[in-house]
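**Q** Please see the structure below; I have some questions.
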Amino acid sequence: MTAAVTVTDEGAVRVIRLNRPEKKNALTHAMYAEMARALREADDSDAIRCGVIAGVPGAFCAGNDITDFLNAASGGGLDSRTPEFLHTLARRQKPLVAAIDGVAVGVGTTILFHCDHVVASAGATLSTPFLKLGLIPEAGSTLLAPMRMGYARAFSLLVMGRPLTATEAKDAGIVNTIVDSADVEATALKAAQEIAALPPKTLAVARSLMRGHFDEVIKQIDAEAAHFRELLQSDEARAAFAAFLARKK
Ligand code: COA
């Protein structure tokens with residue numbers, strides 16, 4: 001069986017690839033755990049200086065696996081591997097570049113607020129249909145998105161669930177560079193190599209000064225998770241998960 005997350009090191013750059021194309025890279029608990037492990041290891045390694053998170057052609061990530069949501073709603077509870085990953089993502093020391101092609105849904109979009117640099121294909125779309133699923137935005141996005149893009153645009157994305165094209169995401173300050181689909185990964189890797197070539201100590205200081213609010217981000221992740229846990233159990237959310245899983249093509 002092919003691993004749903006692969007981790008390879010290219011010189012000083014660690015490439016974390018979501019690799020579950022048959023489910024558009026919807027994230028399972030095991031995938032969260034694997035990503036967290038790869039990020040922690042990168043932090044502990046002197047040899048790794050930057051990361052890239054990438055998907056597959058046409059799918060960066062379709063969000064949390066809705067079957068897992070339904071299982072959580074049906075009594076399993078929210079698995080600890082998801083908040084553990086979010087904490088690791090928010091606390092990590094090494095910069096992370098995202099390479100986005102195709103869909104970035106839910107956590108596939110909110111991850112981007114934690115990245116240091118984002119490369120997207122012209123056809124990439126970012127969307128967060130949380131409220132339509134009876135849920136609220138997560139991953140610290142209720143704090144980070146208004147800071148990044150202003151309240152009005154954050155409300156439209158996170159609450160109204162209106163998607164962003166790559167161009168809109170660039171205008172909103174989420175995406176740095178838009179390239180052809182075929183060039184997304186090479187461009188992201190080049191940016192990561194550029195970051196990796198910077199003096200590591202000064203990079204760490206500059207980055208930590210720019211992201212100094214991370215305790216606040218962790219608090220927000222936890223506050224969101226408390227509501228999220230409760231909302232997962234609602235009839236509204238359960239019905240939305242079941243409707244997605246039962247939909248006709
Ligand atoms: N959880 C579980 N399975 C998912 C999934 C998710 N988040 N996203 C996609 N899949 C599965 C589909 O059920 C389908 O599986 P199947 O072939 O066994 O039926 C497969 O991935 C391909 O998805 P499909 O919907 O056929 O692809 P598409 O290109 O038409 O649409 C999306 C892609 C991402 C727009 C669509 O799948 C979607 O809306 N997914 C749900 C996104 C979501 O709401 N995520 C949670 C956010 S909080």
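Residues in the structure tokens are named by chain (A, B, ... in the order shown) and by number from 1 within that chain; ligands are numbered from 1 in the order shown.
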Please report, as a Markdown table, each residue of chain A lying at most 9 Å from ligand 1, together with the nearest pair of atoms and the separation in Å rounded to one decimal; use only C-alpha atoms and all ligand atoms, and order rows by chain and ascending residue number.

**A**
```
| residue | atom | partner | partner_atom_place_in_ligand_line | distance |
| --- | --- | --- | --- | --- |
| A:Arg20 | CA | ligand 1 | 21 (O) | 8.9 |
| A:Pro21 | CA | ligand 1 | 21 (O) | 7.8 |
| A:Glu22 | CA | ligand 1 | 20 (C) | 5.6 |
| A:Lys23 | CA | ligand 1 | 21 (O) | 3.2 |
| A:Lys24 | CA | ligand 1 | 21 (O) | 5.0 |
| A:Asn25 | CA | ligand 1 | 8 (N) | 7.2 |
| A:Ala26 | CA | ligand 1 | 7 (N) | 4.7 |
| A:Leu27 | CA | ligand 1 | 7 (N) | 7.2 |
| A:Thr28 | CA | ligand 1 | 1 (N) | 8.5 |
| A:Gly58 | CA | ligand 1 | 29 (O) | 8.1 |
| A:Ala59 | CA | ligand 1 | 34 (C) | 7.6 |
| A:Cys61 | CA | ligand 1 | 34 (C) | 7.4 |
| A:Ala62 | CA | ligand 1 | 34 (C) | 4.4 |
| A:Gly63 | CA | ligand 1 | 45 (N) | 4.2 |
| A:Asn64 | CA | ligand 1 | 7 (N) | 5.1 |
| A:Asp65 | CA | ligand 1 | 1 (N) | 3.4 |
| A:Ile66 | CA | ligand 1 | 1 (N) | 3.8 |
| A:Thr67 | CA | ligand 1 | 2 (C) | 5.6 |
| A:Asp68 | CA | ligand 1 | 1 (N) | 7.7 |
| A:Phe69 | CA | ligand 1 | 1 (N) | 8.4 |
| A:Gly102 | CA | ligand 1 | 34 (C) | 8.9 |
| A:Val103 | CA | ligand 1 | 34 (C) | 5.9 |
| A:Ala104 | CA | ligand 1 | 34 (C) | 7.5 |
| A:Val105 | CA | ligand 1 | 47 (C) | 5.5 |
| A:Gly106 | CA | ligand 1 | 47 (C) | 3.9 |
| A:Val107 | CA | ligand 1 | 48 (S) | 6.5 |
| A:Gly108 | CA | ligand 1 | 47 (C) | 8.1 |
| A:Ser127 | CA | ligand 1 | 47 (C) | 8.3 |
| A:Thr128 | CA | ligand 1 | 47 (C) | 6.1 |
| A:Pro129 | CA | ligand 1 | 47 (C) | 5.8 |
| A:Phe130 | CA | ligand 1 | 48 (S) | 5.0 |
| A:Leu131 | CA | ligand 1 | 48 (S) | 8.5 |
| A:Lys132 | CA | ligand 1 | 44 (O) | 8.5 |
| A:Leu133 | CA | ligand 1 | 48 (S) | 7.0 |
| A:Leu135 | CA | ligand 1 | 48 (S) | 7.4 |
| A:Ile136 | CA | ligand 1 | 48 (S) | 8.5 |
| A:Pro137 | CA | ligand 1 | 48 (S) | 7.9 |
| A:Glu138 | CA | ligand 1 | 48 (S) | 8.8 |
| A:Phe241 | CA | ligand 1 | 44 (O) | 8.3 |
| A:Phe244 | CA | ligand 1 | 41 (C) | 7.2 |
| A:Leu245 | CA | ligand 1 | 13 (O) | 6.0 |
| A:Ala246 | CA | ligand 1 | 13 (O) | 8.5 |
| A:Arg247 | CA | ligand 1 | 13 (O) | 8.3 |
| A:Lys248 | CA | ligand 1 | 19 (O) | 8.6 |
| A:Lys249 | CA | ligand 1 | 26 (O) | 7.2 |
```

**Q** Within 9 Å of Asp180 in chain A, counting only C-alpha atoms, which residues show up once you throw out same-chain ones fewer than 6 positions away? Write them as a VMD selection string, please.

**A** chain A and resid 120 to 123

**Q** Keeping only N, CA, C and O atoms, write those residues as a tab-separated table (two decimals), in the first residue's frame.

**A**
```tsv
chain	number	residue	atom	x	y	z
A	120	ALA	N	0.92	28.80	-5.54
A	120	ALA	CA	-0.32	28.15	-5.99
A	120	ALA	C	-0.37	28.12	-7.51
A	120	ALA	O	0.22	28.96	-8.19
A	121	SER	N	-1.10	27.14	-8.04
A	121	SER	CA	-1.34	27.13	-9.48
A	121	SER	C	-2.48	28.09	-9.79
A	121	SER	O	-3.30	28.40	-8.91
A	122	ALA	N	-2.54	28.50	-11.05
A	122	ALA	CA	-3.56	29.48	-11.45
A	122	ALA	C	-4.96	28.92	-11.19
A	122	ALA	O	-5.89	29.67	-10.88
A	123	GLY	N	-5.13	27.62	-11.28
A	123	GLY	CA	-6.47	27.04	-11.11
A	123	GLY	C	-6.78	26.60	-9.67
A	123	GLY	O	-7.84	26.01	-9.42
```

**Q** Using backbone DSSP assignments, extract all alpha helix (DSSP H) residues from range 11-229 of chain A; output them as a ChimeraX atom specification.

**A** /A:29-44,66-71,81-91,107-110,141-149,151-154,166-171,184-196,200-210,214-229

**Q** Give me the residues within 12 Å of Pro83 in chain A as a list in words, counting only C-alpha atoms and dropping any in the same chain fewer than 4 places off.

**A**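 In the requested format, the answer is His29, Tyr32, Ala33, Ala36, Leu78, Asp79, His87, Thr88, Leu89, Ala90, Val107, Glu138, Ala139, Gly140, Ile218, Lys219, Gln220, Ile221, Asp222, Ala223, Glu224, Ala225, Ala226, Phe228 and Arg229 of chain A.
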
**Q** Could you save the residues just selected, with N, CA and C atoms, as a JSON list (two decimals), in the first residue's frame?

**A**
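Result file follows (out-v8.json):
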```json
[["chain", "number", "residue", "atom", "x", "y", "z"],
["A", 29, "HIS", "N", -6.73, 10.57, 10.57],
["A", 29, "HIS", "CA", -5.97, 10.76, 11.81],
["A", 29, "HIS", "C", -4.51, 10.33, 11.62],
["A", 32, "TYR", "N", -2.56, 13.06, 9.91],
["A", 32, "TYR", "CA", -2.19, 14.15, 10.83],
["A", 32, "TYR", "C", -0.97, 13.75, 11.65],
["A", 33, "ALA", "N", -0.99, 12.52, 12.15],
["A", 33, "ALA", "CA", 0.11, 12.07, 13.01],
["A", 33, "ALA", "C", 1.43, 12.04, 12.23],
["A", 36, "ALA", "N", 2.69, 15.56, 11.68],
["A", 36, "ALA", "CA", 3.24, 16.11, 12.93],
["A", 36, "ALA", "C", 4.63, 15.53, 13.18],
["A", 78, "LEU", "N", -13.44, 13.53, 19.22],
["A", 78, "LEU", "CA", -12.40, 14.08, 18.35],
["A", 78, "LEU", "C", -11.06, 13.44, 18.71],
["A", 79, "ASP", "N", -10.43, 12.82, 17.74],
["A", 79, "ASP", "CA", -9.17, 12.14, 17.98],
["A", 79, "ASP", "C", -8.08, 13.16, 18.33],
["A", 87, "HIS", "N", -1.12, 21.94, 16.96],
["A", 87, "HIS", "CA", -0.16, 22.55, 17.89],
["A", 87, "HIS", "C", 1.25, 22.50, 17.31],
["A", 88, "THR", "N", 1.61, 21.35, 16.76],
["A", 88, "THR", "CA", 2.96, 21.20, 16.19],
["A", 88, "THR", "C", 3.16, 22.18, 15.05],
["A", 89, "LEU", "N", 2.13, 22.30, 14.21],
["A", 89, "LEU", "CA", 2.20, 23.21, 13.07],
["A", 89, "LEU", "C", 2.42, 24.65, 13.55],
["A", 90, "ALA", "N", 1.66, 25.04, 14.57],
["A", 90, "ALA", "CA", 1.74, 26.42, 15.05],
["A", 90, "ALA", "C", 3.05, 26.71, 15.78],
["A", 107, "VAL", "N", -9.36, 22.40, 6.39],
["A", 107, "VAL", "CA", -8.02, 22.49, 6.97],
["A", 107, "VAL", "C", -6.95, 22.61, 5.86],
["A", 138, "GLU", "N", -11.34, 26.41, 12.10],
["A", 138, "GLU", "CA", -10.42, 25.84, 13.10],
["A", 138, "GLU", "C", -8.98, 26.22, 12.78],
["A", 139, "ALA", "N", -8.08, 25.52, 13.44],
["A", 139, "ALA", "CA", -6.63, 25.68, 13.19],
["A", 139, "ALA", "C", -6.12, 27.10, 13.45],
["A", 140, "GLY", "N", -6.81, 27.82, 14.35],
["A", 140, "GLY", "CA", -6.37, 29.18, 14.65],
["A", 140, "GLY", "C", -6.80, 30.19, 13.60],
["A", 218, "ILE", "N", -2.10, 29.20, 19.86],
["A", 218, "ILE", "CA", -2.41, 27.91, 20.50],
["A", 218, "ILE", "C", -3.70, 28.03, 21.31],
["A", 219, "LYS", "N", -3.84, 29.13, 22.02],
["A", 219, "LYS", "CA", -5.07, 29.34, 22.82],
["A", 219, "LYS", "C", -6.29, 29.36, 21.91],
["A", 220, "GLN", "N", -6.14, 30.03, 20.76],
["A", 220, "GLN", "CA", -7.27, 30.12, 19.83],
["A", 220, "GLN", "C", -7.59, 28.74, 19.24],
["A", 221, "ILE", "N", -6.55, 27.97, 18.91],
["A", 221, "ILE", "CA", -6.77, 26.61, 18.39],
["A", 221, "ILE", "C", -7.58, 25.80, 19.42],
["A", 222, "ASP", "N", -7.20, 25.93, 20.69],
["A", 222, "ASP", "CA", -7.88, 25.16, 21.74],
["A", 222, "ASP", "C", -9.32, 25.65, 21.95],
["A", 223, "ALA", "N", -9.50, 26.97, 21.88],
["A", 223, "ALA", "CA", -10.86, 27.51, 22.06],
["A", 223, "ALA", "C", -11.75, 27.05, 20.90],
["A", 224, "GLU", "N", -11.22, 27.11, 19.70],
["A", 224, "GLU", "CA", -12.00, 26.65, 18.54],
["A", 224, "GLU", "C", -12.33, 25.16, 18.69],
["A", 225, "ALA", "N", -11.33, 24.38, 19.14],
["A", 225, "ALA", "CA", -11.51, 22.92, 19.24],
["A", 225, "ALA", "C", -12.61, 22.57, 20.24],
["A", 226, "ALA", "N", -12.71, 23.37, 21.31],
["A", 226, "ALA", "CA", -13.75, 23.09, 22.32],
["A", 226, "ALA", "C", -15.13, 23.23, 21.69],
["A", 228, "PHE", "N", -15.75, 23.13, 18.42],
["A", 228, "PHE", "CA", -15.78, 22.18, 17.30],
["A", 228, "PHE", "C", -16.26, 20.81, 17.79],
["A", 229, "ARG", "N", -15.68, 20.38, 18.92],
["A", 229, "ARG", "CA", -16.04, 19.08, 19.52],
["A", 229, "ARG", "C", -17.53, 18.99, 19.78]]
```

**Q** Could you give me, as a list of chain:residue names, each residue of range 7-112 of chain A that DSSP assigns to strand (DSSP E or B) when run on this structure's backbone?

**A**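 Written out, the strand (DSSP E or B) residues of range 7-112 of chain A are A:Val7, A:Thr8, A:Asp9, A:Glu10, A:Val13, A:Arg14, A:Val15, A:Ile16, A:Arg17, A:Leu18, A:Leu27, A:Cys50, A:Gly51, A:Val52, A:Ile53, A:Ala54, A:Val56, A:Ala59, A:Phe60, A:Cys61, A:Asn64, A:Leu96, A:Val97, A:Ala98, A:Ala99, A:Ile100, A:Val103, A:Ala104, A:Val105.
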
**Q** So that I can check the surroundings of Arg153 in chain A, please list as a list of chain:residue names every protein, DNA and RNA residue that reaches within 9 Å of it, counting only C-alpha atoms and ignoring chain neighbours fewer than 6 positions away.

**A**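 Contacts, in chain order: A:Ala145, A:Pro146, A:Ala172.
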
**Q** For Met31 in chain A, please output as a list in words all residues within 9 Å (counting only C-alpha atoms; exclusion window: fewer than 5 positions along the same chain).

**A**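 The filter keeps Ala4, Val5, Leu18, Ala36 and Arg81 of chain A.
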
**Q** Write the residues of the preceding selection, restricted to N, CA, C and O atoms, as a CSV table (one decimal), in the first residue's frame.

**A**
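Saved the output as result_5.csv:
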```
chain,number,residue,atom,x,y,z
A,4,ALA,N,0.1,7.3,2.7
A,4,ALA,CA,-0.8,8.5,2.4
A,4,ALA,C,-0.1,9.8,2.7
A,4,ALA,O,-0.6,10.9,2.3
A,5,VAL,N,1.1,9.7,3.4
A,5,VAL,CA,1.9,10.9,3.5
A,5,VAL,C,3.3,10.4,3.3
A,5,VAL,O,3.8,9.4,3.9
A,18,LEU,N,1.2,15.0,0.8
A,18,LEU,CA,-0.1,14.4,1.0
A,18,LEU,C,-0.3,13.5,-0.2
A,18,LEU,O,-0.3,14.0,-1.3
A,36,ALA,N,2.7,15.6,11.7
A,36,ALA,CA,3.2,16.1,12.9
A,36,ALA,C,4.6,15.5,13.2
A,36,ALA,O,5.6,16.3,13.6
A,81,ARG,N,-5.1,13.2,17.7
A,81,ARG,CA,-4.0,13.5,16.7
A,81,ARG,C,-4.2,14.7,15.9
A,81,ARG,O,-3.3,15.3,15.4
```

**Q** For Asp9 in chain A, which residue out of A:Ala99, A:Val184, A:Leu126, A:Leu189 is the nearest one, using only C-alpha atoms?

**A** A:Leu189

**Q** Report as a JSON list (two decimals) with C-alpha atoms, in the first residue's frame all protein, DNA and RNA residues lying within 10 Å of Ala182 in chain A, evaluated on only C-alpha atoms, omitting residues in the same chain fewer than 4 positions from it.

**A**
```
[["chain", "number", "residue", "atom", "x", "y", "z"],
["A", 57, "PRO", "CA", -1.93, 17.22, -9.09],
["A", 101, "ASP", "CA", -2.57, 22.77, -6.97],
["A", 121, "SER", "CA", -1.34, 27.13, -9.48],
["A", 186, "ALA", "CA", 9.56, 23.30, -8.57],
["A", 187, "THR", "CA", 8.74, 26.91, -7.68]]
```

**Q** With only C-alpha atoms as the counted atoms, please give the residues lying no more than 8 Å from Val7 in chain A, apart from itself and same-chain residues fewer than 6 positions off, as a list of chain:residue names.

**A**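 Residues meeting the cut-off are A:Arg14, A:Val15, A:Ile16, A:Arg17, A:Ala38.
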
**Q** Given only C-alpha atoms as the basis, pick out the residue of A:Phe60, A:Glu10, A:Gly134, A:Ala3 nearest to Glu34 in chain A.

**A**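 Closest candidate: A:Ala3.
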